[in-house]
Amino acid sequence: MKTSIKTSVLLLLMAAFMPAMLHAQTASRENPLMNEQSPIPGISFRFIETNGIRMRLATAGDSGPLVIMAHGWPESWYSWRHQIQAVAEAGYRVVAPDMRGYGATDAPPNVEDYDIVTLAADMVGIVDAYGEEQAIIMGHDWGSIVAWNTVLLHPERFSALVAMSVPYSGRAQQSPLESWRAAYGDNFYYILYHQEPGVAEAEYDADPYGLLSRLYLSPDSPREPAQITDRHRSAGGWIGRLGAPQGLPEWLTQSDLNYFVGQFSEAGFRGGVNYYRNFHRNWEITPQLATARVTVPTLFIAGENDVVIAGASQGRLQGAMNRVVDDLRDVVILPEAGHWIQQELPEETNAAVLDFLRSL
C-alpha cells in the first residue's frame, strides 16, 4: 500500500513537472543559442520571462538607471556591442535583448505575435523584470520603431528615448502597406517581398551569409554587379539584387560577421520578417496614436547617407519630429555614415548618447 502511494505521488509529480522539463529540453534542442556564453568580456547573458516568451538579455552594469537597447532587422544584441559597456561605465544598468524572434529569444509561431502592441509589451516586461518603474529606451532600425511606439503606448514607464535611423512624424493617414503597394506595383520592394508567406525567410535561411554580408556595408563599400537587375518581383528574390561585397567595411571584422551569421543560422529569419508582416495590422490596431505625442526627452541619431532618411537635412528632420515630439533635445546627423550607425561610428554615437543621458 505504501509503495502504491509513493508511486502515485511520483507519477503526479512527473505529470506536473514533465511539460516544463520537455519545454526546456525542446527549447535547448531547437535553439542551441540558449546555452551560449557571451563573446565579449564584461557582458553577460540573462534570461527572463516576459509577455509570454523567454527572452535573452545581454547585460552590463550593476546599478543606476535602466537603459534598454532594442536592435533592428536583421540584427542582434551584438549590434550594440560598442554601446553596452560604454553606457554601463557611465553609471547605468544596460540591457540589450535579443528581440522577439531573434537569437536565443523565443520565436512564437503566429504572425500576429509580432505586432507593435506585443513588441511594446515586451519592452515593458523588461522594466518589470528589473523591478523598475521606468527605463530609458534606445532603438535602431526596427528597434527604433518599437521604441517610438513603446513610449507612445506606455509613456508612464519610460523616462527618455534615443531613436536611431528611423524618425517618427506621427501616425500615417493611410496604412503604409497600401502606400507601398500603390508606389511599387509589380516591382520588387523588400518590404512587400516580406509580406509573402514563407518566401523571404526561406531565401534568407538558405544563405544567411549571403544576405548579411551584402547588407552590413557602408554606402561607399565596393560591390560586385548584382545578379538580378530586372526590377520586377517575378525576376527573383532579394539576395541576387544585392551586389556581393568586395570586402568587409572597416567597422566590421570577419569575427563580427561570423557571429551575426551564426545567430541567424541557428534562430532563422522568420521571426524578424514577421515584424514586417504587421505593418498593416499595426496601423489598424493603433488608432489612438493619431493624436498621441511623444512626451519624454528624445534624441535622434542617423547617418548622413542612411537610405532611411533619404538625404533629409537635420532641419527637415527636426521640423518633422517636432510636430509630434514635445521635447526633442537634438537631431544628430553623423557625416558620411550609413544605416548601421552605432556600428559604423561607435565613438561618435556613444558621445551623442552620453551627452544626452547627462542632460536628463
# chains A, B, ... in the order shown; residues from 1 in each chain; ligands from 1
$ residues_around --residues "Tyr216 in chain A" --least-positions-apart "5" --cutoff "10 Å" --atoms "only C-alpha atoms" --output "ChimeraX atom specification"
/A:74-75,211,221,245,248-249,251-252,257,338-340,343-344
$ select_by_dssp --residues "range 74-176 of chain A" --states "alpha helix (DSSP H)" --output "PyMOL selection string"
chain A and resi 84-89+116-129+142-153+176
$ residues_around --residues "Ala206 in chain A" --least-positions-apart "4" --cutoff "10 Å" --atoms "only C-alpha atoms" --output "list in words"
Glu201, Ala202, Gly210, Leu211, Ser265 and Gly268 of chain A
$ write_last_selection --atoms "N, CA, C and O atoms" --output "CSV table (one decimal), in the first residue's frame"
chain,number,residue,atom,x,y,z
A,201,GLU,N,11.9,34.3,-45.8
A,201,GLU,CA,12.7,33.6,-44.8
A,201,GLU,C,13.3,32.4,-45.4
A,201,GLU,O,14.4,31.9,-45.0
A,202,ALA,N,12.7,31.7,-46.3
A,202,ALA,CA,13.2,30.6,-47.0
A,202,ALA,C,14.5,30.9,-47.8
A,202,ALA,O,15.5,30.2,-47.7
A,210,GLY,N,25.2,35.1,-47.3
A,210,GLY,CA,25.0,35.9,-48.5
A,210,GLY,C,24.2,37.2,-48.2
A,210,GLY,O,24.5,38.3,-48.7
A,211,LEU,N,23.1,37.1,-47.4
A,211,LEU,CA,22.3,38.2,-47.1
A,211,LEU,C,23.0,39.2,-46.2
A,211,LEU,O,23.1,40.4,-46.6
A,265,SER,N,21.8,31.6,-38.4
A,265,SER,CA,21.9,30.2,-38.8
A,265,SER,C,21.1,29.3,-37.8
A,265,SER,O,20.5,28.3,-38.2
A,268,GLY,N,17.2,31.4,-37.4
A,268,GLY,CA,16.4,31.6,-38.6
A,268,GLY,C,15.9,33.1,-38.7
A,268,GLY,O,16.0,33.9,-37.8
$ closest_atom_pairs --of "range 11-115 of chain A" --to "range 137-155 of chain A" --cutoff "8 Å" --atoms "only C-alpha atoms" --output "tab-separated table"
residue	atom	partner	partner_atom	distance
A:Val67	CA	A:Ile137	CA	5.7
A:Ile68	CA	A:Ile137	CA	4.8
A:Met69	CA	A:Met138	CA	4.7
A:Ala70	CA	A:Gly139	CA	4.6
A:His71	CA	A:Gly143	CA	4.7
A:Gly72	CA	A:Trp142	CA	4.2
A:Trp73	CA	A:Trp142	CA	6.1
$ atom_distance --atom1 "CA of Tyr259 in chain A" --atom2 "CA of Gly198 in chain A"
24.5 Å
$ closest_residue --among "A:Val87, A:Ala292, A:Met55, A:Val111" --to "Ser169 in chain A" --atoms "only C-alpha atoms"
A:Ala292
$ residues_around --residues "Ala86 in chain A" --least-positions-apart "2" --cutoff "10 Å" --atoms "only C-alpha atoms" --output "list in words"
Ala60, Gly61, Arg81, His82, Gln83, Ile84, Ala88, Glu89, Ala90, Gly91, Tyr92, Val94, Pro346, Glu347, Asn350, Ala351, Val353 and Leu354 of chain A
$ closest_residue --among "A:Arg270, A:Ser38, A:Ala235, A:Leu328" --to "Pro197 in chain A" --atoms "only C-alpha atoms"
A:Arg270
$ closest_residue --among "A:Ile116, A:Ala96, A:Ile40, A:Val162" --to "Phe356 in chain A" --atoms "only C-alpha atoms"
A:Val162
$ residues_around --residues "Leu242 in chain A" --least-positions-apart "2" --cutoff "10 Å" --atoms "only C-alpha atoms" --output "list of chain:residue names"
A:Gly210, A:Leu211, A:Ser213, A:Arg214, A:Leu215, A:Arg223, A:Glu224, A:Pro225, A:Ala226, A:Gln227, A:Ile228, A:Thr229, A:Gly237, A:Trp238, A:Ile239, A:Gly240, A:Ala244, A:Pro245
$ atom_distance --atom1 "CA of Pro297 in chain A" --atom2 "CA of Ala337 in chain A"
24.6 Å
$ closest_residue --among "A:Pro222, A:Pro41, A:Ser165, A:Arg241" --to "Gln342 in chain A" --atoms "only C-alpha atoms"
A:Ser165
$ residues_around --residues "range 314-326 of chain A" --least-positions-apart "6" --cutoff "6 Å" --atoms "only C-alpha atoms" --output "MDAnalysis selection string"
chainID A and resid 168:169 293:295
$ write_last_selection --atoms "C-alpha atoms" --output "compact mmCIF listing (two decimals), in the first residue's frame"
# COMPACT_ATOMS: atom_id res chain seq x y z
CA TYR A 168 8.80 59.46 -36.38
CA SER A 169 6.47 62.21 -37.54
CA ARG A 293 2.53 62.84 -28.73
CA VAL A 294 5.95 61.74 -27.52
CA THR A 295 6.28 63.44 -24.16
$ residues_around --residues "Ile301 in chain A" --least-positions-apart "2" --cutoff "6 Å" --atoms "only C-alpha atoms" --output "PyMOL selection string"
chain A and resi 164+331-333
$ select_by_dssp --residues "range 191-338 of chain A" --states "strand (DSSP E or B)" --output "VMD selection string"
chain A and resid 223 232 245 294 298 to 303 325 328 to 334
$ atom_distance --atom1 "CA of Gln85 in chain A" --atom2 "CA of Gln134 in chain A"
20.6 Å
$ closest_atom_pairs --of "range 207-233 of chain A" --to "range 171-191 of chain A" --cutoff "6 Å" --atoms "only C-alpha atoms" --output "CSV"
residue,atom,partner,partner_atom,distance
A:Arg231,CA,A:Asn187,CA,5.4
A:His232,CA,A:Asn187,CA,4.1
A:Arg233,CA,A:Phe188,CA,4.3
$ write_last_selection --atoms "N, CA, C and O atoms" --output "mmCIF file, in the first residue's frame"
data_model
loop_
_atom_site.group_PDB
_atom_site.id
_atom_site.type_symbol
_atom_site.label_atom_id
_atom_site.label_comp_id
_atom_site.auth_asym_id
_atom_site.auth_seq_id
_atom_site.Cartn_x
_atom_site.Cartn_y
_atom_site.Cartn_z
ATOM 1 N N ARG A 231 13.714 44.850 -62.486
ATOM 2 C CA ARG A 231 13.050 45.461 -61.338
ATOM 3 C C ARG A 231 11.801 44.705 -60.895
ATOM 4 O O ARG A 231 11.312 44.896 -59.779
ATOM 5 N N HIS A 232 11.253 43.843 -61.745
ATOM 6 C CA HIS A 232 10.008 43.165 -61.416
ATOM 7 C C HIS A 232 10.220 42.104 -60.331
ATOM 8 O O HIS A 232 11.227 41.404 -60.318
ATOM 9 N N ARG A 233 9.255 41.993 -59.447
ATOM 10 C CA ARG A 233 9.325 40.979 -58.390
ATOM 11 C C ARG A 233 9.460 39.581 -58.977
ATOM 12 O O ARG A 233 10.175 38.727 -58.415
#
